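Everything below belongs to final-v1.pdb, which stores PDB, C-alpha atoms.
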ATOM      1  CA  MET A 242     142.878 106.593 102.800
ATOM      2  CA  ASP A 243     139.785 104.727 103.952
ATOM      3  CA  GLU A 244     140.151 101.096 102.783
ATOM      4  CA  LYS A 245     136.350 100.796 102.416
ATOM      5  CA  LEU A 246     136.435 103.301  99.544
ATOM      6  CA  ASP A 247     138.622 100.925  97.538
ATOM      7  CA  HIS A 248     136.175  98.014  97.630
ATOM      8  CA  LEU A 249     134.402  97.109  94.412
ATOM      9  CA  LYS A 250     130.893  95.741  94.255
ATOM     10  CA  PHE A 251     129.113  95.211  90.937
ATOM     11  CA  VAL A 252     125.813  93.586  90.072
ATOM     12  CA  VAL A 253     125.750  92.081  86.580
ATOM     13  CA  LEU A 254     122.438  91.927  84.730
ATOM     14  CA  ASP A 255     123.498  92.404  81.106
ATOM     15  CA  GLU A 256     126.421  91.973  78.728
ATOM     16  CA  GLU A 257     127.642  95.552  79.230
ATOM     17  CA  ASP A 258     127.821  95.019  83.012
ATOM     18  CA  LEU A 259     129.806  91.821  82.439
ATOM     19  CA  GLU A 260     132.293  93.611  80.174
ATOM     20  CA  ILE A 261     133.036  96.069  83.002
ATOM     21  CA  VAL A 262     133.470  93.222  85.502
ATOM     22  CA  SER A 263     135.683  91.343  83.030
ATOM     23  CA  ALA A 264     137.985  94.370  82.755
ATOM     24  CA  HIS A 265     138.324  94.483  86.562
ATOM     25  CA  LEU A 266     139.030  90.736  86.675
ATOM     26  CA  GLN A 267     141.714  90.575  83.996
ATOM     27  CA  ASP A 268     144.735  88.778  85.480
ATOM     28  CA  ALA A 269     142.913  87.643  88.614
ATOM     29  CA  VAL A 270     144.439  84.477  90.014
ATOM     30  CA  ILE A 271     142.247  81.605  91.147
ATOM     31  CA  LYS A 272     143.073  78.407  92.966
ATOM     32  CA  VAL A 273     141.053  75.522  91.452
ATOM     33  CA  ALA A 274     139.859  74.614  94.966
ATOM     34  CA  ASP A 275     138.219  78.067  95.136
ATOM     35  CA  VAL A 276     135.861  77.352  92.224
ATOM     36  CA  LEU A 277     132.651  76.198  93.906
ATOM     37  CA  TRP A 278     129.971  74.693  91.642
ATOM     38  CA  ARG A 279     126.691  74.321  93.567
ATOM     39  CA  PRO A 280     124.353  72.521  91.112
ATOM     40  CA  ALA A 281     121.517  72.100  93.636
ATOM     41  CA  GLU A 282     121.507  75.910  94.060
ATOM     42  CA  ASN A 283     122.136  76.700  90.368
ATOM     43  CA  ARG A 284     125.117  78.758  91.505
ATOM     44  CA  LEU A 285     128.820  79.078  90.769
ATOM     45  CA  VAL A 286     131.031  80.996  93.200
ATOM     46  CA  VAL A 287     134.664  81.775  92.463
ATOM     47  CA  ALA A 288     136.975  83.194  95.134
ATOM     48  CA  LEU A 289     139.871  85.024  93.507
ATOM     49  CA  ASN A 290     142.700  87.478  93.971
ATOM     50  CA  ARG A 291     141.853  90.453  91.750
ATOM     51  CA  PHE A 292     144.660  92.678  90.459
ATOM     52  CA  ASP A 293     143.972  96.393  91.079
ATOM     53  CA  TRP A 294     144.175  97.778  87.539
ATOM     54  CA  GLU A 295     142.401 101.011  88.504
ATOM     55  CA  GLY A 296     145.197 101.750  90.988
ATOM     56  CA  VAL A 297     147.804 101.306  88.255
ATOM     57  CA  GLN A 298     145.875 103.632  85.932
ATOM     58  CA  SER A 299     145.645 106.299  88.638
ATOM     59  CA  GLY A 300     149.448 106.298  88.928
ATOM     60  CA  ASN A 301     149.797 104.457  92.235
ATOM     61  CA  PRO A 302     153.446 103.278  92.384
ATOM     62  CA  GLU A 303     152.486 100.189  94.435
ATOM     63  CA  TYR A 304     150.654  97.223  92.925
ATOM     64  CA  HIS A 305     147.751  95.702  94.877
ATOM     65  CA  ARG A 306     145.471  92.675  94.859
ATOM     66  CA  HIS A 307     142.058  92.262  96.486
ATOM     67  CA  ARG A 308     140.399  89.064  97.710
ATOM     68  CA  SER A 309     137.110  89.019  95.826
ATOM     69  CA  ALA A 310     134.188  86.759  95.027
ATOM     70  CA  LEU A 311     132.481  86.336  91.667
ATOM     71  CA  ARG A 312     129.049  84.712  91.912
ATOM     72  CA  PHE A 313     126.773  83.538  89.103
ATOM     73  CA  GLU A 314     123.121  82.660  89.720
ATOM     74  CA  ARG A 315     120.649  80.684  87.556
ATOM     75  CA  VAL A 316     123.427  78.424  86.266
ATOM     76  CA  LEU A 317     122.083  75.328  84.535
ATOM     77  CA  SER A 318     125.436  73.634  83.892
ATOM     78  CA  CYS A 319     129.143  74.170  84.433
ATOM     79  CA  LYS A 320     131.694  72.527  82.138
ATOM     80  CA  CYS A 321     135.441  72.880  82.071
ATOM     81  CA  ARG A 322     138.083  72.618  79.365
ATOM     82  CA  ASP A 323     141.747  72.125  80.259
ATOM     83  CA  VAL A 324     140.949  72.687  83.959
ATOM     84  CA  ASN A 325     141.312  69.615  86.156
ATOM     85  CA  PRO A 326     138.822  69.851  89.061
ATOM     86  CA  ALA A 327     140.884  67.242  90.958
ATOM     87  CA  GLY A 328     143.997  69.456  90.797
ATOM     88  CA  LYS A 329     142.832  71.592  93.735
ATOM     89  CA  ASP A 330     146.169  73.416  94.166
ATOM     90  CA  ALA A 331     146.512  74.438  90.513
ATOM     91  CA  ILE A 332     146.455  78.180  89.855
ATOM     92  CA  LEU A 333     144.426  79.715  87.019
ATOM     93  CA  ASN A 334     145.052  83.149  85.514
ATOM     94  CA  LEU A 335     141.765  84.709  84.391
ATOM     95  CA  LEU A 336     141.919  86.593  81.105
ATOM     96  CA  ALA A 337     138.263  87.405  80.372
ATOM     97  CA  VAL A 338     134.625  86.737  81.251
ATOM     98  CA  GLU A 339     132.227  86.837  78.301
ATOM     99  CA  PHE A 340     128.532  86.249  77.605
ATOM    100  CA  ALA A 341     126.953  84.953  74.405
ATOM    101  CA  GLU A 342     123.164  84.992  74.233
ATOM    102  CA  THR A 343     121.596  81.810  72.870
ATOM    103  CA  ASP A 344     117.829  82.011  73.450
ATOM    104  CA  SER A 345     117.098  85.370  75.108
ATOM    105  CA  PRO A 346     117.584  85.850  78.002
ATOM    106  CA  ALA A 347     119.503  82.539  78.266
ATOM    107  CA  GLY A 348     123.076  82.191  77.130
ATOM    108  CA  VAL A 349     126.592  80.993  77.818
ATOM    109  CA  VAL A 350     129.114  82.638  80.126
ATOM    110  CA  THR A 351     132.746  81.733  79.421
ATOM    111  CA  LEU A 352     135.593  82.334  81.852
ATOM    112  CA  THR A 353     138.799  82.112  79.812
ATOM    113  CA  PHE A 354     142.159  81.374  81.438
ATOM    114  CA  SER A 355     145.723  81.636  80.153
ATOM    115  CA  GLY A 356     146.994  78.384  78.686
ATOM    116  CA  GLY A 357     143.667  77.585  77.016
ATOM    117  CA  GLY A 358     141.580  76.620  80.045
ATOM    118  CA  ALA A 359     137.953  77.694  80.309
ATOM    119  CA  LEU A 360     134.768  77.330  82.333
ATOM    120  CA  ARG A 361     131.530  77.313  80.337
ATOM    121  CA  LEU A 362     128.330  78.155  82.181
ATOM    122  CA  GLU A 363     124.914  77.700  80.627
ATOM    123  CA  VAL A 364     122.665  80.269  82.314
ATOM    124  CA  GLU A 365     118.907  80.962  82.319
ATOM    125  CA  CYS A 366     119.812  84.649  82.230
ATOM    126  CA  LEU A 367     122.779  86.790  83.154
ATOM    127  CA  GLU A 368     122.741  87.379  86.918
ATOM    128  CA  ALA A 369     126.048  87.778  88.722
ATOM    129  CA  GLU A 370     127.904  89.798  91.331
ATOM    130  CA  LEU A 371     131.534  90.760  91.912
ATOM    131  CA  ALA A 372     132.456  91.938  95.405
ATOM    132  CA  ASP A 373     135.741  92.623  97.164
ATOM    133  CA  LEU A 374     135.839  90.787 100.475
ATOM    134  CA  GLY A 375     138.468  92.630 102.485
ATOM    135  CA  PRO A 376     141.489  94.900 102.460
ATOM    136  CA  SER A 377     143.989  94.876  99.629
ATOM    137  CA  TRP A 378     147.633  93.857  99.925
ATOM    138  CA  THR A 379     150.705  94.848  97.961
ATOM    139  CA  THR A 380     152.151  92.586  95.319
ATOM    140  CA  GLY A 381     155.562  92.827  93.732
ATOM    141  CA  ALA A 382     154.657  92.579  90.062
ATOM    142  CA  CYS A 383     152.260  93.994  87.528
ATOM    143  CA  PRO A 384     150.879  91.355  85.135
ATOM    144  CA  ALA A 385     152.212  91.698  81.595
ATOM    145  CA  HIS A 386     151.127  90.060  78.385
ATOM    146  CA  VAL A 387     153.387  89.038  75.536
ATOM    147  CA  ILE A 388     151.950  90.167  72.239
ATOM    148  CA  GLU A 389     152.800  87.717  69.515
ATOM    149  CA  GLU A 390     153.649  89.299  66.216
ATOM    150  CA  THR A 391     152.804  87.617  62.952
ATOM    151  CA  VAL A 392     155.965  87.308  60.923
ATOM    152  CA  THR A 393     155.520  87.401  57.183
ATOM    153  CA  PRO A 394     158.119  85.287  55.356
ATOM    154  CA  LYS A 395     160.391  87.231  53.052
ATOM    155  CA  ALA A 396     159.746  86.839  49.353
ATOM    156  CA  ARG A 397     162.077  84.397  47.646
ATOM    157  CA  ARG A 398     164.428  85.635  45.007
ATOM    158  CA  SER A 399     164.745  83.509  41.917
TER     159      SER A 399
END
So, in terms of structure tokens, how does the structure I just supplied come out?
Amino acid sequence: MDEKLDHLKFVVLDEEDLEIVSAHLQDAVIKVADVLWRPAENRLVVALNRFDWEGVQSGNPEYHRHRSALRFERVLSCKCRDVNPAGKDAILNLLAVEFAETDSPAGVVTLTFSGGGALRLEVECLEAELADLGPSWTTGACPAHVIEETVTPKARRS
């Protein structure tokens, strides 16, 4: 199979585009050192290892990851919660990327990580790109999520 055919490239200009990108980025792993905030350029670039969910859905018995870049333009500010920028070797597990419009076309992009961490980007408008950077490689495990069940206490007998 031609490796080039497996490369993703998406341009994000609206919330629907971002939802598609978010689905492709679920369970991507990111080293804190690979989050590059460029305030003078109003840009945030995140290098990440994207899990190949589409391969799993197509029945491929091997699991793969792709080295990818997620780039946001027209970023006015970048704030973090429960992510220590000084901890360059820390690994983040991306759960979702969401957009909330504030004053059209401006809004807030939130990258949410497992364990409660998040990056909050204030943007002039939604303008981003996701692109795979090279060939994929096999990985031994498929990410899994524990679903917490709400337990209702049993009624007391008097």
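For the set A:Glu256, A:Leu352, A:His265, A:Glu282, the residue with the smallest atom-to-atom gap to A:Gln298 is A:His265, counting all atoms listed in the file.
Minimum distance to A:Cys366 across A:Leu311, A:Val324, A:Val276, A:Val350 (counting all atoms listed in the file) occurs at A:Val350.
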Q.
Please determine, counting all atoms listed in the file, which residue among A:Ala288, A:Asp255, A:Ala369, A:Gly381 has the shortest atom-to-atom distance to A:Pro346.
A. A:Asp255
Q) Which is closest to A:Leu333 among A:Ala347, A:Val253, A:Ala264, A:Ala274, if we use all atoms listed in the file? A)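 Selected residue with least distance to A:Leu333: A:Ala274.
Using only C-alpha atoms for every distance, the candidate list A:Asn325, A:Thr379, A:Thr353, A:Asn283 yields A:Thr379 as the residue closest to A:Gly296.
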Q) the PyMOL selection byres ((chain A and resi 340) around 9) on the file shown: which residues, as a list in words? A) Asp255, Glu256, Leu259, Glu260, Val338, Glu339, Ala341, Glu342, Gly348, Val349, Val350, Thr351 and Leu367 of chain A
Q. By how many Å are atom CA of A:Arg306 and atom CA of A:Trp378 apart?
A.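 That distance, rounded to one decimal, is 5.6 Å.
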(Q) From (146.0, 89.0, 83.5), in the file's coordinates, out to 12 Å: which residues are reached, counting only C-alpha atoms? Answer as a VMD selection string. (A) chain A and resid 263 to 271 290 to 294 306 333 to 338 353 to 356 382 to 387
Q.
Could you list, as a list in words, every residue matched by the PyMOL selection byres ((chain A and resi 313) around 7) in this structure?
A. Arg284, Leu285, Val286, Leu311, Arg312, Glu314, Arg315, Val316, Glu368, Ala369 and Glu370 of chain A
Stretch 320-327 of chain A, all listed atoms, 6 Å padding on each side: what axis-aligned box centre and edge lengths in Å to one decimal come out, as JSON?
{"center_x": 136.7, "center_y": 70.1, "center_z": 85.2, "size_x": 22.1, "size_y": 17.6, "size_z": 23.6}
